[in-house]
$ cat model14.csv   # CSV, C-alpha atoms
chain,number,residue,atom,x,y,z
A,240,MET,CA,-8.7,17.1,-42.0
A,241,SER,CA,-7.3,17.6,-38.5
A,242,ALA,CA,-9.5,19.0,-35.8
A,243,THR,CA,-8.8,22.5,-34.6
A,244,LEU,CA,-8.2,23.3,-30.9
A,245,ASN,CA,-11.0,24.9,-29.1
A,246,ALA,CA,-9.8,28.2,-27.6
A,247,GLY,CA,-12.1,28.1,-24.6
A,248,LYS,CA,-11.1,24.6,-23.7
A,249,THR,CA,-7.4,25.4,-24.1
A,250,ARG,CA,-7.7,28.5,-21.9
A,251,ALA,CA,-9.6,26.4,-19.3
A,252,ALA,CA,-6.9,23.7,-19.4
A,253,LEU,CA,-4.1,26.3,-19.0
A,254,ARG,CA,-5.9,28.0,-16.1
A,255,THR,CA,-6.4,24.6,-14.4
A,256,SER,CA,-2.8,23.7,-14.9
A,257,ALA,CA,-1.6,27.1,-13.5
A,258,ARG,CA,-3.9,26.8,-10.5
A,259,ILE,CA,-2.7,23.3,-9.7
A,260,SER,CA,0.9,24.3,-10.2
A,261,GLY,CA,0.5,27.3,-7.8
A,262,GLU,CA,-1.2,25.1,-5.2
A,263,LEU,CA,1.5,22.5,-5.5
A,264,LEU,CA,4.2,25.2,-5.2
A,265,LEU,CA,2.5,26.5,-2.0
A,266,VAL,CA,2.4,23.0,-0.6
A,267,LEU,CA,6.1,22.5,-1.4
A,268,VAL,CA,7.0,25.9,0.2
A,269,ALA,CA,5.0,24.9,3.4
A,270,ALA,CA,6.8,21.6,3.5
A,271,ALA,CA,10.2,23.3,3.1
A,272,VAL,CA,9.3,25.7,6.0
A,273,ALA,CA,8.3,22.7,8.1
A,274,VAL,CA,11.5,20.9,7.4
A,275,TRP,CA,13.5,24.0,8.2
A,276,ALA,CA,11.7,24.5,11.5
A,277,LEU,CA,12.2,20.9,12.3
A,278,GLY,CA,15.9,21.3,11.7
A,279,ARG,CA,16.1,24.3,14.0
A,280,MET,CA,14.4,22.3,16.8
A,281,TRP,CA,16.3,19.1,16.2
A,282,SER,CA,17.9,19.1,19.6
A,283,VAL,CA,14.4,18.7,21.1
A,284,VAL,CA,12.8,16.7,18.3
A,285,TRP,CA,15.5,13.9,18.2
A,286,PRO,CA,15.1,12.9,21.9
A,287,LEU,CA,11.3,13.1,21.4
A,288,ILE,CA,11.6,10.6,18.5
A,289,VAL,CA,13.9,8.3,20.4
A,290,GLY,CA,11.6,8.4,23.4
A,291,LEU,CA,8.6,7.5,21.3
A,292,LEU,CA,10.5,4.6,19.7
A,293,LEU,CA,11.5,3.3,23.2
A,294,THR,CA,7.9,3.7,24.4
A,295,THR,CA,6.7,1.4,21.7
A,296,LEU,CA,9.0,-1.2,23.0
A,297,THR,CA,8.1,-0.8,26.7
A,298,TRP,CA,4.3,0.0,26.4
A,299,PRO,CA,3.1,-3.6,26.2
A,300,PRO,CA,4.4,-4.6,29.7
A,301,THR,CA,3.3,-1.2,31.1
A,302,ARG,CA,-0.2,-1.8,29.7
A,303,PHE,CA,-0.2,-5.3,31.2
A,304,LEU,CA,0.6,-4.0,34.6
A,305,ARG,CA,-1.9,-1.1,34.4
A,306,ARG,CA,-4.7,-3.6,33.4
A,307,ARG,CA,-3.8,-5.6,36.5
A,308,GLY,CA,-4.6,-2.6,38.7
A,309,MET,CA,-1.1,-1.1,39.2
A,310,ALA,CA,-1.0,2.7,39.4
A,311,PRO,CA,0.3,4.4,36.2
A,312,ALA,CA,3.3,6.0,37.9
A,313,LEU,CA,4.3,2.8,39.6
A,314,ALA,CA,3.9,0.8,36.4
A,315,ALA,CA,5.9,3.3,34.4
A,316,SER,CA,8.7,3.4,37.0
A,317,LEU,CA,8.9,-0.4,37.2
A,318,VAL,CA,9.1,-0.8,33.5
A,319,THR,CA,11.7,2.0,33.1
A,320,VAL,CA,13.9,0.3,35.8
A,321,LEU,CA,13.5,-3.1,34.1
A,322,PHE,CA,14.4,-1.5,30.7
A,323,LEU,CA,17.6,0.0,32.2
A,324,LEU,CA,18.4,-3.4,33.8
A,325,VAL,CA,17.9,-5.2,30.4
A,326,ALA,CA,20.1,-2.5,28.6
A,327,ALA,CA,22.8,-2.9,31.3
A,328,GLY,CA,22.6,-6.7,31.1
A,329,THR,CA,22.9,-6.6,27.3
A,330,ALA,CA,26.0,-4.4,27.5
A,331,ALA,CA,27.5,-6.7,30.2
A,332,LEU,CA,26.7,-9.7,28.1
A,333,ILE,CA,28.8,-8.1,25.3
A,334,ALA,CA,31.6,-6.5,27.4
A,335,VAL,CA,32.4,-9.1,30.0
A,336,PRO,CA,33.3,-12.0,27.7
A,337,VAL,CA,35.2,-9.7,25.4
A,338,THR,CA,37.1,-8.3,28.4
A,339,SER,CA,37.9,-11.9,29.6
A,340,GLU,CA,39.3,-12.7,26.2
A,341,SER,CA,41.1,-9.3,25.7
A,342,GLY,CA,44.5,-10.7,26.6
A,343,LYS,CA,44.2,-13.5,24.0
A,344,LEU,CA,42.8,-11.1,21.4
A,345,ALA,CA,45.7,-8.7,22.0
A,346,ASP,CA,48.2,-11.5,21.6
A,347,GLY,CA,46.4,-12.5,18.4
A,348,VAL,CA,46.7,-8.9,17.1
A,349,VAL,CA,50.4,-8.8,17.8
A,350,GLU,CA,50.9,-12.2,16.3
A,351,GLY,CA,48.9,-11.1,13.2
A,352,PHE,CA,51.1,-8.0,12.7
A,353,GLN,CA,54.2,-10.2,13.1
A,354,HIS,CA,52.9,-12.6,10.4
A,355,LEU,CA,52.1,-9.6,8.2
A,356,ARG,CA,55.6,-8.2,8.5
A,357,GLU,CA,57.2,-11.6,7.8
A,358,TRP,CA,54.9,-12.0,4.7
A,359,ALA,CA,55.8,-8.5,3.5
A,360,ALA,CA,59.5,-9.2,4.0
A,361,GLY,CA,59.3,-12.2,1.6
A,362,PRO,CA,58.6,-12.5,-2.1
A,363,PRO,CA,57.1,-10.9,-4.0
A,364,LEU,CA,57.1,-7.7,-1.9
A,365,ASN,CA,60.6,-8.1,-0.3
A,366,ILE,CA,60.0,-5.2,2.0
A,367,GLY,CA,63.0,-4.9,4.4
A,368,GLU,CA,63.1,-3.6,8.0
A,369,ALA,CA,64.6,-0.3,6.8
A,370,GLN,CA,61.6,0.3,4.5
A,371,ILE,CA,59.2,-0.6,7.2
A,372,ALA,CA,61.0,1.8,9.6
A,373,GLY,CA,61.0,4.5,7.0
A,374,ALA,CA,57.2,4.1,6.4
A,375,PHE,CA,56.7,4.2,10.1
A,376,ASP,CA,58.7,7.5,10.4
A,377,THR,CA,56.7,9.0,7.5
A,378,ALA,CA,53.4,8.1,9.1
A,379,THR,CA,54.6,9.5,12.4
A,380,ALA,CA,55.6,12.8,10.7
A,381,ARG,CA,52.2,13.0,9.0
A,382,ILE,CA,50.4,12.5,12.3
A,383,GLN,CA,52.4,15.2,13.9
A,384,ASP,CA,51.7,17.6,11.1
A,385,SER,CA,48.0,16.8,11.4
A,386,ALA,CA,47.9,17.3,15.1
A,387,GLY,CA,45.5,20.3,14.9
A,388,ALA,CA,43.1,18.4,12.7
A,389,ILE,CA,43.2,15.4,14.9
A,390,ALA,CA,42.6,17.5,18.0
A,391,THR,CA,39.6,19.1,16.3
A,392,THR,CA,38.2,15.7,15.3
A,393,ALA,CA,38.7,14.5,18.9
A,394,VAL,CA,36.9,17.5,20.3
A,395,THR,CA,34.1,16.9,17.8
A,396,GLY,CA,33.9,13.3,18.7
A,397,VAL,CA,33.7,14.1,22.4
A,398,SER,CA,31.0,16.7,21.7
A,399,THR,CA,29.1,14.0,19.7
A,400,VAL,CA,29.4,11.5,22.5
A,401,PHE,CA,28.2,14.1,25.1
A,402,SER,CA,25.2,15.0,22.8
A,403,GLY,CA,24.4,11.3,22.5
A,404,VAL,CA,24.4,10.9,26.3
A,405,VAL,CA,22.2,13.9,26.8
A,406,THR,CA,19.8,12.6,24.1
A,407,ALA,CA,19.7,9.2,25.8
A,408,VAL,CA,18.9,10.7,29.2
A,409,LEU,CA,16.2,13.0,27.8
A,410,ALA,CA,14.7,10.1,25.8
A,411,LEU,CA,14.5,7.9,29.0
A,412,PHE,CA,12.7,10.7,30.9
A,413,LEU,CA,10.3,11.2,28.0
A,414,MET,CA,9.7,7.5,27.8
A,415,PHE,CA,8.8,7.4,31.5
A,416,PHE,CA,6.3,10.3,31.1
A,417,PHE,CA,4.9,8.7,27.9
A,418,LEU,CA,4.3,5.4,29.8
A,419,LYS,CA,2.8,7.2,32.7
A,420,ASP,CA,0.6,9.8,31.0
A,421,GLY,CA,0.3,8.5,27.4
A,422,PRO,CA,-3.3,7.3,27.5
A,423,ARG,CA,-4.4,10.7,28.7
A,424,PHE,CA,-2.7,12.6,25.8
A,425,LEU,CA,-5.3,12.0,23.0
A,426,PRO,CA,-8.3,13.0,25.2
A,427,TRP,CA,-6.4,16.1,26.3
A,428,LEU,CA,-5.5,16.9,22.6
A,429,ALA,CA,-9.1,16.5,21.5
A,430,ARG,CA,-10.2,19.1,24.1
A,431,GLN,CA,-7.6,21.6,22.9
A,432,LEU,CA,-8.6,21.5,19.2
A,433,PRO,CA,-11.6,23.2,17.6
A,434,GLY,CA,-14.3,21.7,15.4
A,435,ARG,CA,-13.5,18.7,13.3
A,436,LEU,CA,-9.8,18.8,14.2
A,437,ALA,CA,-10.8,17.5,17.6
A,438,THR,CA,-11.8,14.3,15.9
A,439,ASP,CA,-9.3,14.0,13.0
A,440,VAL,CA,-6.0,14.8,14.7
A,441,PRO,CA,-6.5,12.2,17.6
A,442,ALA,CA,-7.6,9.6,15.1
A,443,VAL,CA,-4.5,10.1,12.9
A,444,ALA,CA,-2.3,10.2,16.0
A,445,ALA,CA,-3.7,6.9,17.2
A,446,ARG,CA,-3.1,5.3,13.8
A,447,CYS,CA,0.5,6.7,13.7
A,448,TRP,CA,1.2,5.2,17.2
A,449,ASP,CA,0.1,1.8,16.0
A,450,THR,CA,2.3,2.2,12.9
A,451,LEU,CA,5.4,3.1,15.0
A,452,GLY,CA,4.8,0.0,17.2
A,453,ALA,CA,4.6,-2.2,14.0
A,454,PHE,CA,7.9,-0.6,12.8
A,455,VAL,CA,9.8,-1.3,16.0
A,456,ARG,CA,8.5,-4.9,16.2
A,457,SER,CA,9.5,-5.5,12.6
A,458,GLN,CA,12.9,-4.1,13.1
A,459,ALA,CA,13.4,-6.3,16.2
A,460,LEU,CA,12.4,-9.3,14.1
A,461,VAL,CA,14.9,-8.4,11.4
A,462,GLY,CA,17.6,-8.0,14.0
A,463,LEU,CA,16.7,-11.4,15.5
A,464,LEU,CA,17.0,-13.1,12.2
A,465,ASP,CA,20.4,-11.4,11.6
A,466,ALA,CA,21.6,-12.5,15.0
A,467,VAL,CA,20.5,-16.1,14.6
A,468,PHE,CA,21.9,-16.6,11.1
A,469,ILE,CA,25.2,-14.8,11.7
A,470,GLY,CA,25.6,-16.5,15.1
A,471,LEU,CA,25.0,-19.9,13.5
A,472,GLY,CA,27.6,-19.1,10.9
A,473,LEU,CA,30.1,-18.0,13.6
A,474,TRP,CA,29.4,-21.2,15.6
A,475,LEU,CA,29.9,-23.4,12.6
A,476,LEU,CA,33.2,-21.6,11.8
A,477,ASN,CA,34.4,-22.1,15.4
A,478,VAL,CA,34.7,-18.3,16.1
A,479,PRO,CA,35.1,-17.4,19.8
A,480,LEU,CA,32.6,-15.1,21.5
A,481,VAL,CA,29.6,-16.3,19.5
A,482,LEU,CA,27.0,-15.2,22.0
A,483,PRO,CA,28.3,-11.6,22.5
A,484,LEU,CA,28.7,-11.2,18.8
A,485,SER,CA,25.1,-12.4,18.2
A,486,VAL,CA,23.8,-10.0,20.8
A,487,LEU,CA,25.8,-7.2,19.3
A,488,THR,CA,24.4,-8.0,15.9
A,489,PHE,CA,20.8,-7.9,17.2
A,490,VAL,CA,21.4,-4.5,19.0
A,491,SER,CA,23.1,-3.0,16.0
A,492,ALA,CA,20.2,-3.9,13.7
A,493,PHE,CA,18.4,-0.9,15.1
A,494,VAL,CA,21.0,1.4,13.7
A,495,PRO,CA,21.0,1.0,9.9
A,496,ILE,CA,24.2,0.8,7.8
A,497,VAL,CA,26.6,1.8,10.5
A,498,GLY,CA,25.3,-0.8,13.0
A,499,ALA,CA,25.7,-3.7,10.5
A,500,LEU,CA,29.2,-2.4,9.5
A,501,PHE,CA,30.3,-2.2,13.1
A,502,ALA,CA,29.0,-5.6,14.1
A,503,GLY,CA,30.5,-7.2,11.0
A,504,PHE,CA,33.9,-5.5,11.5
A,505,VAL,CA,34.1,-6.8,15.1
A,506,ALA,CA,33.2,-10.3,14.1
A,507,VAL,CA,35.7,-10.4,11.2
A,508,LEU,CA,38.4,-8.9,13.4
A,509,ILE,CA,37.9,-11.5,16.2
A,510,ALA,CA,37.9,-14.3,13.6
A,511,LEU,CA,41.1,-12.9,12.1
A,512,VAL,CA,43.1,-12.7,15.3
A,513,SER,CA,41.7,-16.0,16.6
A,514,ASN,CA,41.5,-18.3,13.7
A,515,GLY,CA,43.5,-16.7,10.8
A,516,LEU,CA,42.9,-15.0,7.5
A,517,MET,CA,41.0,-17.8,5.8
A,518,ASN,CA,38.5,-18.1,8.7
A,519,ALA,CA,38.1,-14.3,8.7
A,520,LEU,CA,37.3,-14.3,5.0
A,521,LEU,CA,34.7,-17.1,5.5
A,522,VAL,CA,33.1,-15.0,8.3
A,523,LEU,CA,33.1,-12.0,6.0
A,524,GLY,CA,31.3,-14.1,3.4
A,525,VAL,CA,28.7,-15.2,5.9
A,526,ILE,CA,28.0,-11.6,7.1
A,527,VAL,CA,27.8,-10.3,3.5
A,528,VAL,CA,25.3,-13.0,2.5
A,529,VAL,CA,23.1,-12.4,5.6
A,530,GLN,CA,23.2,-8.7,5.2
A,531,GLN,CA,22.2,-9.0,1.5
A,532,LEU,CA,19.3,-11.3,2.5
A,533,GLU,CA,18.3,-8.8,5.2
A,534,GLY,CA,18.4,-5.7,3.0
A,535,ASN,CA,16.8,-7.3,-0.1
A,536,VAL,CA,14.5,-10.0,1.4
A,537,PHE,CA,13.9,-10.0,5.1
A,538,GLN,CA,13.5,-6.3,5.8
A,539,PRO,CA,11.4,-5.3,2.8
A,540,MET,CA,9.1,-8.3,3.3
A,541,ILE,CA,8.6,-8.0,7.1
A,542,GLN,CA,8.3,-4.2,7.1
A,543,SER,CA,6.1,-4.1,4.1
A,544,ARG,CA,3.7,-6.6,5.8
A,545,GLY,CA,3.8,-4.9,9.2
A,546,LEU,CA,3.6,-1.3,7.9
A,547,GLY,CA,1.3,-1.7,4.9
A,548,LEU,CA,4.0,-0.6,2.5
A,549,HIS,CA,5.2,-2.3,-0.6
A,550,ALA,CA,8.7,-3.8,-0.4
A,551,VAL,CA,9.8,-1.4,-3.2
A,552,VAL,CA,8.6,1.6,-1.2
A,553,VAL,CA,10.7,0.4,1.8
A,554,LEU,CA,13.8,0.1,-0.3
A,555,LEU,CA,13.3,3.5,-2.0
A,556,ALA,CA,12.6,5.1,1.3
A,557,VAL,CA,15.8,3.8,2.9
A,558,THR,CA,17.8,4.9,-0.1
A,559,LEU,CA,16.3,8.4,-0.2
A,560,GLY,CA,16.6,8.9,3.6
A,561,GLY,CA,20.2,7.9,3.6
A,562,SER,CA,21.1,10.2,0.7
A,563,VAL,CA,19.3,13.1,2.3
A,564,ALA,CA,20.1,12.8,5.9
A,565,GLY,CA,22.7,10.1,6.3
A,566,ILE,CA,22.4,7.6,9.1
A,567,VAL,CA,19.5,9.4,10.8
A,568,GLY,CA,17.7,9.5,7.5
A,569,SER,CA,18.1,5.8,7.0
A,570,LEU,CA,16.9,5.1,10.5
A,571,LEU,CA,13.8,7.3,10.1
A,572,ALA,CA,13.0,6.8,6.4
A,573,VAL,CA,10.7,3.7,6.8
A,574,PRO,CA,8.7,5.0,9.8
A,575,VAL,CA,8.3,8.4,8.2
A,576,ALA,CA,7.1,6.8,5.0
A,577,ALA,CA,4.7,4.7,7.0
A,578,LEU,CA,3.4,7.7,8.8
A,579,LEU,CA,2.9,9.6,5.6
A,580,ALA,CA,1.0,6.6,4.2
A,581,VAL,CA,-1.2,6.7,7.3
A,582,VAL,CA,-2.0,10.4,6.9
A,583,TRP,CA,-2.6,9.9,3.1
A,584,ASN,CA,-5.0,7.0,3.7
A,585,TYR,CA,-6.9,8.9,6.3
A,586,LEU,CA,-7.3,11.9,4.0
A,587,ARG,CA,-8.5,9.6,1.2
A,588,GLU,CA,-11.1,8.1,3.6
A,589,GLN,CA,-12.3,11.6,4.5
A,590,LEU,CA,-12.4,12.9,1.0
A,591,ALA,CA,-13.9,9.8,-0.7
A,592,ASP,CA,-17.6,9.7,-1.6
A,593,PRO,CA,-19.7,7.5,0.6
A,594,PRO,CA,-20.6,4.1,-0.9
A,595,ARG,CA,-23.8,4.1,-2.9
A,596,GLU,CA,-26.6,2.1,-1.4
A,597,PRO,CA,-28.4,-0.3,-3.8
A,598,ARG,CA,-32.0,0.5,-4.8
A,599,ALA,CA,-34.8,-2.0,-4.6
A,600,ASP,CA,-34.4,-2.7,-8.4
A,601,GLY,CA,-30.7,-3.6,-7.9
A,602,ALA,CA,-29.3,-0.4,-9.3
A,603,GLN,CA,-26.9,1.9,-7.4
A,604,THR,CA,-28.2,5.1,-6.0
$ encode --input "model14.csv" --output "structure tokens"
Amino acid sequence: MSATLNAGKTRAALRTSARISGELLLVLVAAAVAVWALGRMWSVVWPLIVGLLLTTLTWPPTRFLRRRGMAPALAASLVTVLFLLVAAGTAALIAVPVTSESGKLADGVVEGFQHLREWAAGPPLNIGEAQIAGAFDTATARIQDSAGAIATTAVTGVSTVFSGVVTAVLALFLMFFFLKDGPRFLPWLARQLPGRLATDVPAVAARCWDTLGAFVRSQALVGLLDAVFIGLGLWLLNVPLVLPLSVLTFVSAFVPIVGALFAGFVAVLIALVSNGLMNALLVLGVIVVVQQLEGNVFQPMIQSRGLGLHAVVVLLAVTLGGSVAGIVGSLLAVPVAALLAVVWNYLREQLADPPREPRADGAQT
């Protein structure tokens, strides 16, 4: 005979489920409002995020100078200037060799197009000059018909570049002030908050800062591994401009997806115009292998160890961030997941029962 359901227990279970569902719904609504507000303030929030990430890179030398007795403003100014010099030197290390080889690369591009035309003119395609000229005229007509769309795209691109420059300038100013006044922020924040928040919020902020530093260091290590392995492959394949391409690979590692695609495209293009199609295909193979190792081995292992996240969580976070917010989502997915883990672990610590002390007879109290 099957047992009958207890009406009181059933009602209690339904009430508990309804209460939990309502509370969860309120939490989701609050999260949605927070995300909406963040989107409305994105023009300010994005430079703030970039400034914080840059500060994690430049804080160790600033801390070293401050511990040696240098004034905070002077240490922050010196490190900011050194950062700008390093950034300019990195750009020069990429641009100067490429500029010196630009004539040879341009000749290679022209020669490559000529070989492509000769190949297309022969079997099995047998494309004649008239067909090529007709295709060129058709493409020109389509470009002329799309002049308005092209102009709109160009204006959008200029606006994006201008916005990026403004973001970079704001981020640099914020970095300077973070380096100068950062250690005074948490004590100031504790004085502004009432009750227990004066203890909890600074503690969580300090842990989040340590997590951001671990993220930037792990990303730099991943970029260094990419640059070393890809640079070694380019050197073995006798591709010119190995050092600039390696530096470009390291720098682009901080911009997920697009950075790797851009660096790989440049390397394959230089190999194509310098050494031919077969060499370019070999370079493409090297880049694909290294990028697969990075995405599936290096990055999950290094970031999971440095951030306290499982490798599967890192992979899922990057996938979800990219699908929700594109490139920016991919860039911020891992640090956001790590910061959420920090907040969750702190809440668990505060909500957990204190450990039981053993009694004299060995039992737990």
$ residues_around --input "model14.csv" --residues "A:Leu418" --least-positions-apart "4" --cutoff "9 Å" --atoms "all atoms listed in the file" --output "ChimeraX atom specification"
/A:294,297-298,301-302,311-312,314-316,318-319,413-414,422
$ residues_around --input "model14.csv" --residues "stretch 272-285 of chain A" --least-positions-apart "4" --cutoff "12 Å" --atoms "only C-alpha atoms" --output "count of residues only"
22
$ atom_distance --input "model14.csv" --atom1 "atom CA of A:Phe537" --atom2 "atom CA of A:Ser457"
9.8 Å
$ closest_residue --input "model14.csv" --among "A:Val575, A:Val563, A:Leu484, A:Val528" --to "A:Ala330" --atoms "only C-alpha atoms"
A:Leu484
$ atom_distance --input "model14.csv" --atom1 "atom CA of A:Phe417" --atom2 "atom CA of A:Cys447"
15.0 Å
$ atom_distance --input "model14.csv" --atom1 "atom CA of A:Val320" --atom2 "atom CA of A:Ser485"
24.4 Å
$ closest_residue --input "model14.csv" --among "A:Asn535, A:Thr295, A:Thr249, A:Asn584" --to "A:Phe415" --atoms "all atoms listed in the file"
A:Thr295
$ closest_residue --input "model14.csv" --among "A:Gly462, A:Pro433, A:Pro299, A:Pro574" --to "A:Gly534" --atoms "all atoms listed in the file"
A:Gly462
$ build_atoms --input "model14.csv" --residues "stretch 561-582 of chain A" --atoms "N, CA, C and O atoms" --output "JSON list (two decimals), keeping the file's coordinate frame"
[["chain", "number", "residue", "atom", "x", "y", "z"],
["A", 561, "GLY", "N", 18.80, 7.86, 3.38],
["A", 561, "GLY", "CA", 20.20, 7.90, 3.60],
["A", 561, "GLY", "C", 20.93, 8.92, 2.73],
["A", 561, "GLY", "O", 21.90, 9.54, 3.19],
["A", 562, "SER", "N", 20.46, 9.16, 1.51],
["A", 562, "SER", "CA", 21.10, 10.20, 0.70],
["A", 562, "SER", "C", 20.79, 11.58, 1.14],
["A", 562, "SER", "O", 21.61, 12.49, 0.95],
["A", 563, "VAL", "N", 19.64, 11.79, 1.81],
["A", 563, "VAL", "CA", 19.30, 13.10, 2.30],
["A", 563, "VAL", "C", 19.86, 13.46, 3.62],
["A", 563, "VAL", "O", 20.39, 14.54, 3.83],
["A", 564, "ALA", "N", 19.75, 12.51, 4.56],
["A", 564, "ALA", "CA", 20.10, 12.80, 5.90],
["A", 564, "ALA", "C", 21.06, 11.79, 6.56],
["A", 564, "ALA", "O", 21.15, 11.70, 7.78],
["A", 565, "GLY", "N", 21.74, 10.99, 5.76],
["A", 565, "GLY", "CA", 22.70, 10.10, 6.30],
["A", 565, "GLY", "C", 22.13, 8.96, 7.15],
["A", 565, "GLY", "O", 21.07, 8.41, 6.83],
["A", 566, "ILE", "N", 22.82, 8.67, 8.26],
["A", 566, "ILE", "CA", 22.40, 7.60, 9.10],
["A", 566, "ILE", "C", 21.04, 7.81, 9.73],
["A", 566, "ILE", "O", 20.17, 6.93, 9.74],
["A", 567, "VAL", "N", 20.83, 9.04, 10.23],
["A", 567, "VAL", "CA", 19.50, 9.40, 10.80],
["A", 567, "VAL", "C", 18.42, 9.24, 9.78],
["A", 567, "VAL", "O", 17.32, 8.75, 10.07],
["A", 568, "GLY", "N", 18.70, 9.67, 8.56],
["A", 568, "GLY", "CA", 17.70, 9.50, 7.50],
["A", 568, "GLY", "C", 17.38, 8.09, 7.20],
["A", 568, "GLY", "O", 16.21, 7.75, 6.98],
["A", 569, "SER", "N", 18.40, 7.22, 7.19],
["A", 569, "SER", "CA", 18.10, 5.80, 7.00],
["A", 569, "SER", "C", 17.31, 5.20, 8.12],
["A", 569, "SER", "O", 16.45, 4.35, 7.91],
["A", 570, "LEU", "N", 17.60, 5.64, 9.36],
["A", 570, "LEU", "CA", 16.90, 5.10, 10.50],
["A", 570, "LEU", "C", 15.40, 5.55, 10.48],
["A", 570, "LEU", "O", 14.51, 4.76, 10.81],
["A", 571, "LEU", "N", 15.13, 6.80, 10.07],
["A", 571, "LEU", "CA", 13.80, 7.30, 10.10],
["A", 571, "LEU", "C", 13.01, 7.21, 8.84],
["A", 571, "LEU", "O", 11.81, 7.52, 8.81],
["A", 572, "ALA", "N", 13.66, 6.76, 7.76],
["A", 572, "ALA", "CA", 13.00, 6.80, 6.40],
["A", 572, "ALA", "C", 11.76, 5.89, 6.42],
["A", 572, "ALA", "O", 10.70, 6.32, 5.97],
["A", 573, "VAL", "N", 11.88, 4.67, 6.91],
["A", 573, "VAL", "CA", 10.70, 3.70, 6.80],
["A", 573, "VAL", "C", 9.60, 4.19, 7.74],
["A", 573, "VAL", "O", 8.44, 4.25, 7.29],
["A", 574, "PRO", "N", 9.84, 4.53, 9.04],
["A", 574, "PRO", "CA", 8.70, 5.00, 9.80],
["A", 574, "PRO", "C", 8.07, 6.29, 9.29],
["A", 574, "PRO", "O", 6.85, 6.45, 9.34],
["A", 575, "VAL", "N", 8.89, 7.21, 8.76],
["A", 575, "VAL", "CA", 8.30, 8.40, 8.20],
["A", 575, "VAL", "C", 7.46, 8.11, 6.98],
["A", 575, "VAL", "O", 6.34, 8.66, 6.82],
["A", 576, "ALA", "N", 7.93, 7.21, 6.11],
["A", 576, "ALA", "CA", 7.10, 6.80, 5.00],
["A", 576, "ALA", "C", 5.83, 6.16, 5.40],
["A", 576, "ALA", "O", 4.76, 6.39, 4.82],
["A", 577, "ALA", "N", 5.90, 5.32, 6.45],
["A", 577, "ALA", "CA", 4.70, 4.70, 7.00],
["A", 577, "ALA", "C", 3.72, 5.69, 7.54],
["A", 577, "ALA", "O", 2.50, 5.60, 7.34],
["A", 578, "LEU", "N", 4.23, 6.68, 8.27],
["A", 578, "LEU", "CA", 3.40, 7.70, 8.80],
["A", 578, "LEU", "C", 2.73, 8.57, 7.75],
["A", 578, "LEU", "O", 1.55, 8.94, 7.85],
["A", 579, "LEU", "N", 3.49, 8.89, 6.71],
["A", 579, "LEU", "CA", 2.90, 9.60, 5.60],
["A", 579, "LEU", "C", 1.81, 8.82, 4.91],
["A", 579, "LEU", "O", 0.77, 9.37, 4.50],
["A", 580, "ALA", "N", 2.02, 7.50, 4.81],
["A", 580, "ALA", "CA", 1.00, 6.60, 4.20],
["A", 580, "ALA", "C", -0.27, 6.63, 5.11],
["A", 580, "ALA", "O", -1.40, 6.62, 4.60],
["A", 581, "VAL", "N", -0.07, 6.65, 6.43],
["A", 581, "VAL", "CA", -1.20, 6.70, 7.30],
["A", 581, "VAL", "C", -2.02, 7.98, 7.13],
["A", 581, "VAL", "O", -3.26, 7.95, 7.02],
["A", 582, "VAL", "N", -1.33, 9.11, 7.08],
["A", 582, "VAL", "CA", -2.00, 10.40, 6.90],
["A", 582, "VAL", "C", -2.71, 10.42, 5.53],
["A", 582, "VAL", "O", -3.87, 10.86, 5.40]]
